[in-house]
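Have a look at the structure below before the remarks.
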Amino acid sequence: MAGEVTTALLLLALMAAVVVASGSEGDALLGFRATLRGPNGGPPAPLNGWVTTPGPCSGGNSLWYGVRCSEATGRVLVLELEYLGLQGPAPNLSVLAALPGLRSLSLANNNLTRAFPDVSALPGLRMLYLHGNRLAGRIPDDALAPLRRGLQKLYLSGNAFTGPIPSSVTLSPRLLELQLSNNGFEGALPDFGQTDLKLVDFSNNNLSGQIPPALRRFDANAFRGDSVMHGQQRTLRPTTQCFVSHGACTTLPTAGSTAIAMTG
């Protein structure tokens with residue numbers, strides 16, 4: 001009997017904790033919503049349901065637009081606010097620090113402007129999607145250091161970022177996908193040591209110099225429109241170099257080597 005009572009009390013305590021967590025996460029999301037500006041100058045209409053509908057999580061379910069919850073914890077897991085016409089500077093992400101289970105954030109395909117947002121309040125983030133906006137300027141070299149423990153996917157394509165690719169993007173050993181195309185990144189590519197990296201796209205930037213050895217296994221299209229040199233080792237041939245530009249990869253011979261043409 002005592003064991004049954006203890007179990008019941010533990011279940012009640014767990015339910016109470018979930019309710020409290022859901023409430024605080026709801027407050028955080030409502031605070032975040034208040035900072036967003038859609039086409040009409042206020043929070044975008046699809047998020048009005050956040051105000052009128054209980055949430056954000058009920059177990060692993062959510063009735064809130066763009067919100068997905070963890071079945072295991074009942075906490076917010078994914079926040080996907082795409083194609084909402086969001087305008088103005090990227091929002092202050094520190095408001096989302098009250099979402100400790102947040103693993104994926106997408107503000108892609110909006111009209112956000114100005115600088116890359118500060119992600120230091122979201123060290124648990126695994127996936128960050130900011131592609132298809134109008135974000136611009138240099139990204140600080142250490143901007144992605146707060147995500148070094150577990151960043152897996154980073155999508156920044158289709159903005160107006162300039163300057164070097166921040167070296168902190170190479171810090172996460174779990175990085176799988178990196179999309180940086182169609183920006184104005186300049187200079188050399190940083191070296192990547194992640195053996196599980198499956199997808200990269202640096203095309204249509206202003207990159208130059210050597211392609212690091214770890215990236216030479218990717219197709220030339222990943223470097224389309226850049227002026228980067230691809231060192232390649234051929235069997236029974238001295239090292240050759242490949243100039244990648246506008247989708248074509250033509251090997252330039254070094255002393256004593258034979259030129260080999262490739263197309264991307």
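Every chain in the structure tokens takes a letter, A first, then B, and so on in the order presented; its residues are numbered from 1, and the ligands are numbered from 1 following the presented order.
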
>> Taking 2 positions as the minimum chain separation for residues in the same chain, which residues sit within 6 Å of Arg114 of chain A when counting only C-alpha atoms? Answer as an NGL selection string.
In response: :A and (89 or 135-136)

>> Residues of segment 34-203 of chain A classed as alpha helix (DSSP H) by DSSP on the backbone are to be reported as a ChimeraX atom specification.
In response: /A:34-35,49-52

Would you output that residue set with N, CA, C and O atoms, as a short mmCIF file (atom, residue, chain, number, x, y, z; two decimals), in the first residue's frame?
```
data_model
loop_
_atom_site.label_atom_id
_atom_site.label_comp_id
_atom_site.auth_asym_id
_atom_site.auth_seq_id
_atom_site.Cartn_x
_atom_site.Cartn_y
_atom_site.Cartn_z
N ALA A 34 6.00 38.44 -29.05
CA ALA A 34 5.80 39.89 -28.94
C ALA A 34 6.92 40.68 -29.62
O ALA A 34 6.73 41.85 -29.97
N THR A 35 8.08 40.05 -29.82
CA THR A 35 9.20 40.75 -30.45
C THR A 35 9.18 40.63 -31.97
O THR A 35 9.98 41.29 -32.65
N GLY A 49 -2.90 32.15 -32.55
CA GLY A 49 -3.38 31.00 -31.81
C GLY A 49 -2.57 30.72 -30.55
O GLY A 49 -3.05 30.02 -29.65
N TRP A 50 -1.36 31.25 -30.49
CA TRP A 50 -0.57 31.07 -29.28
C TRP A 50 -1.25 31.76 -28.09
O TRP A 50 -1.07 31.33 -26.94
N VAL A 51 -2.01 32.80 -28.38
CA VAL A 51 -2.65 33.57 -27.31
C VAL A 51 -3.95 32.93 -26.88
O VAL A 51 -4.31 32.95 -25.69
N THR A 52 -4.67 32.32 -27.82
CA THR A 52 -6.02 31.83 -27.54
C THR A 52 -6.09 30.33 -27.27
O THR A 52 -7.12 29.84 -26.79
#
```

Proximity of segment 37-126 of chain A to segment 143-157 of chain A: per-residue shortest pair, 8 Å limit, only C-alpha atoms, as CSV:
```
residue,atom,partner,partner_atom,distance
A:Asp118,CA,A:Ala143,CA,7.1
A:Val119,CA,A:Pro146,CA,6.9
A:Ser120,CA,A:Pro146,CA,5.2
A:Ala121,CA,A:Pro146,CA,8.0
A:Leu122,CA,A:Leu147,CA,7.4
A:Pro123,CA,A:Leu147,CA,5.0
A:Gly124,CA,A:Leu147,CA,6.8
A:Leu125,CA,A:Leu151,CA,6.5
A:Arg126,CA,A:Leu151,CA,4.3
```

Could you pull the residues within 6 Å of segment 66-83 of chain A, counting only C-alpha atoms, minus those fewer than 3 positions along the same chain, as a compact mmCIF listing (two decimals) with N, CA and C atoms, in the first residue's frame?
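Output file result_3.txt follows:
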```txt
# COMPACT_ATOMS: atom_id res chain seq x y z
N GLY A 59 1.84 16.80 -23.47
CA GLY A 59 2.60 15.59 -23.77
C GLY A 59 3.52 15.87 -24.94
N GLY A 60 3.44 15.05 -25.95
CA GLY A 60 4.28 15.26 -27.13
C GLY A 60 3.58 16.04 -28.22
N ASN A 61 2.40 16.59 -27.92
CA ASN A 61 1.62 17.30 -28.93
C ASN A 61 1.59 18.79 -28.66
N GLY A 101 14.87 22.38 -23.73
CA GLY A 101 14.81 21.23 -24.63
C GLY A 101 14.81 21.61 -26.10
N LEU A 102 14.91 22.90 -26.42
CA LEU A 102 14.87 23.34 -27.82
C LEU A 102 16.10 22.84 -28.55
N ARG A 103 15.87 22.09 -29.61
CA ARG A 103 16.98 21.52 -30.38
C ARG A 103 17.02 22.02 -31.83
N SER A 104 15.91 22.52 -32.34
CA SER A 104 15.88 22.99 -33.72
C SER A 104 15.12 24.30 -33.80
N LEU A 105 15.75 25.29 -34.43
CA LEU A 105 15.14 26.61 -34.61
C LEU A 105 15.24 27.02 -36.06
N SER A 106 14.10 27.36 -36.66
CA SER A 106 14.10 27.84 -38.04
C SER A 106 13.35 29.15 -38.15
N LEU A 107 14.04 30.14 -38.66
CA LEU A 107 13.44 31.43 -39.04
C LEU A 107 13.66 31.66 -40.53
N ALA A 108 13.74 30.58 -41.26
CA ALA A 108 14.11 30.63 -42.68
C ALA A 108 13.01 31.23 -43.54
N ASN A 109 13.44 31.76 -44.69
CA ASN A 109 12.53 32.26 -45.72
C ASN A 109 11.58 33.33 -45.19
N ASN A 110 12.19 34.32 -44.55
CA ASN A 110 11.49 35.52 -44.12
C ASN A 110 12.22 36.73 -44.70
```

Can you check which parts of segment 181-233 of chain A lie within 8 Å of segment 164-170 of chain A? Per residue, the shortest pair of atoms and distance in Å to one decimal, counting only C-alpha atoms, sorted by chain and number, as CSV.
```
residue,atom,partner,partner_atom,distance
A:Phe185,CA,A:Pro164,CA,5.6
A:Glu186,CA,A:Pro164,CA,5.0
A:Gly187,CA,A:Pro164,CA,5.6
A:Ala188,CA,A:Pro164,CA,7.2
A:Leu189,CA,A:Ile165,CA,6.9
A:Pro190,CA,A:Ser167,CA,6.0
A:Asp191,CA,A:Thr170,CA,7.2
A:Phe192,CA,A:Thr170,CA,5.6
A:Gly193,CA,A:Thr170,CA,7.4
A:Gln194,CA,A:Thr170,CA,7.9
```

> as a ChimeraX atom specification, which residues of segment 18-165 of chain A does DSSP assign to strand (DSSP E)?
Replying inline: /A:67-69,76-80,87-89,104-106,111-114,127-129,134-138,153-155,160-163

Using C-alpha atoms, can you write the selected residues to a file as an mmCIF file, in the first residue's frame?
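The file below, part-v3.cif, is the result:
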```
data_model
loop_
_atom_site.group_PDB
_atom_site.id
_atom_site.type_symbol
_atom_site.label_atom_id
_atom_site.label_comp_id
_atom_site.auth_asym_id
_atom_site.auth_seq_id
_atom_site.Cartn_x
_atom_site.Cartn_y
_atom_site.Cartn_z
ATOM 1 C CA VAL A 67 5.874 24.282 -32.304
ATOM 2 C CA ARG A 68 6.760 20.624 -31.899
ATOM 3 C CA CYS A 69 7.177 18.952 -28.532
ATOM 4 C CA VAL A 76 9.345 22.341 -26.691
ATOM 5 C CA LEU A 77 11.706 20.563 -29.070
ATOM 6 C CA VAL A 78 11.330 22.415 -32.387
ATOM 7 C CA LEU A 79 10.371 25.989 -33.274
ATOM 8 C CA GLU A 80 9.750 26.480 -36.990
ATOM 9 C CA GLN A 87 10.735 41.782 -40.916
ATOM 10 C CA GLY A 88 13.362 43.876 -39.215
ATOM 11 C CA PRO A 89 16.477 42.697 -37.375
ATOM 12 C CA SER A 104 15.878 22.990 -33.722
ATOM 13 C CA LEU A 105 15.144 26.614 -34.606
ATOM 14 C CA SER A 106 14.101 27.839 -38.038
ATOM 15 C CA ASN A 111 12.735 39.097 -44.565
ATOM 16 C CA LEU A 112 14.973 39.426 -41.527
ATOM 17 C CA THR A 113 17.793 41.950 -41.816
ATOM 18 C CA ARG A 114 21.015 43.142 -40.190
ATOM 19 C CA MET A 127 19.876 22.671 -35.903
ATOM 20 C CA LEU A 128 19.753 26.332 -36.959
ATOM 21 C CA TYR A 129 18.034 27.415 -40.165
ATOM 22 C CA ARG A 134 18.405 39.385 -45.839
ATOM 23 C CA LEU A 135 20.835 39.050 -42.951
ATOM 24 C CA ALA A 136 24.113 40.792 -43.683
ATOM 25 C CA GLY A 137 27.585 41.727 -42.534
ATOM 26 C CA ARG A 138 30.424 39.811 -40.950
ATOM 27 C CA LYS A 153 22.945 21.399 -39.204
ATOM 28 C CA LEU A 154 23.572 25.046 -40.106
ATOM 29 C CA TYR A 155 21.768 26.688 -43.039
ATOM 30 C CA ALA A 160 24.219 38.776 -47.611
ATOM 31 C CA PHE A 161 26.888 37.734 -45.129
ATOM 32 C CA THR A 162 30.411 38.975 -45.833
ATOM 33 C CA GLY A 163 33.906 38.483 -44.474
#
```

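Straight-line separation from atom CA of Ala90 of chain A to atom CA of Ala28 of chain A: 16.9 Å.
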
> Which of these residues is nearest to Gly31 of chain A, using only C-alpha atoms: A:Leu176, A:Ala214, A:Ala98, A:Cys57?
Replying inline: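 Distance minimum relative to Gly31 of chain A lands on A:Ala98.
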
> Any idea what's packed within 9 Å of Leu29 of chain A, counting only C-alpha atoms, ignoring anything in its chain fewer than 2 positions away? Could you give it as a ChimeraX atom specification?
Replying inline: /A:24-27,31-34,50,56,95-96,98-99

> Could you work out how far atom CA of Asn40 of chain A lies from atom CA of Pro91 of chain A, giving the answer in Å with one decimal?
Replying inline: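 It comes out at 16.6 Å.
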
Write out as a PDB file with C-alpha atoms, in the first residue's frame each polymer residue whose atoms come within 9 Å of Ala222 of chain A, counting only C-alpha atoms; drop sequence neighbours fewer than 6 positions from it.
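Output (around-v9.pdb):
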```
ATOM      1  CA  SER A 181      25.809  29.330 -50.564  1.00  0.00           C
ATOM      2  CA  LEU A 199      26.581  17.876 -47.082  1.00  0.00           C
ATOM      3  CA  VAL A 200      28.331  21.191 -47.754  1.00  0.00           C
ATOM      4  CA  ASP A 201      27.567  24.055 -50.113  1.00  0.00           C
ATOM      5  CA  PHE A 202      29.906  27.042 -50.372  1.00  0.00           C
ATOM      6  CA  SER A 203      28.846  28.004 -53.896  1.00  0.00           C
ATOM      7  CA  GLY A 247      30.854  24.692 -61.916  1.00  0.00           C
TER       8      GLY A 247
END
```

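Our summary of the geometry notes that atom CA of Ser94 of chain A is positioned 27.2 Å from atom CA of Gly184 of chain A.
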
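Here the question is which of A:Pro54, A:Pro117, A:Gly38, A:Gly132 gets nearest to Gly158 of chain A using only C-alpha atoms, and that residue is A:Gly132.
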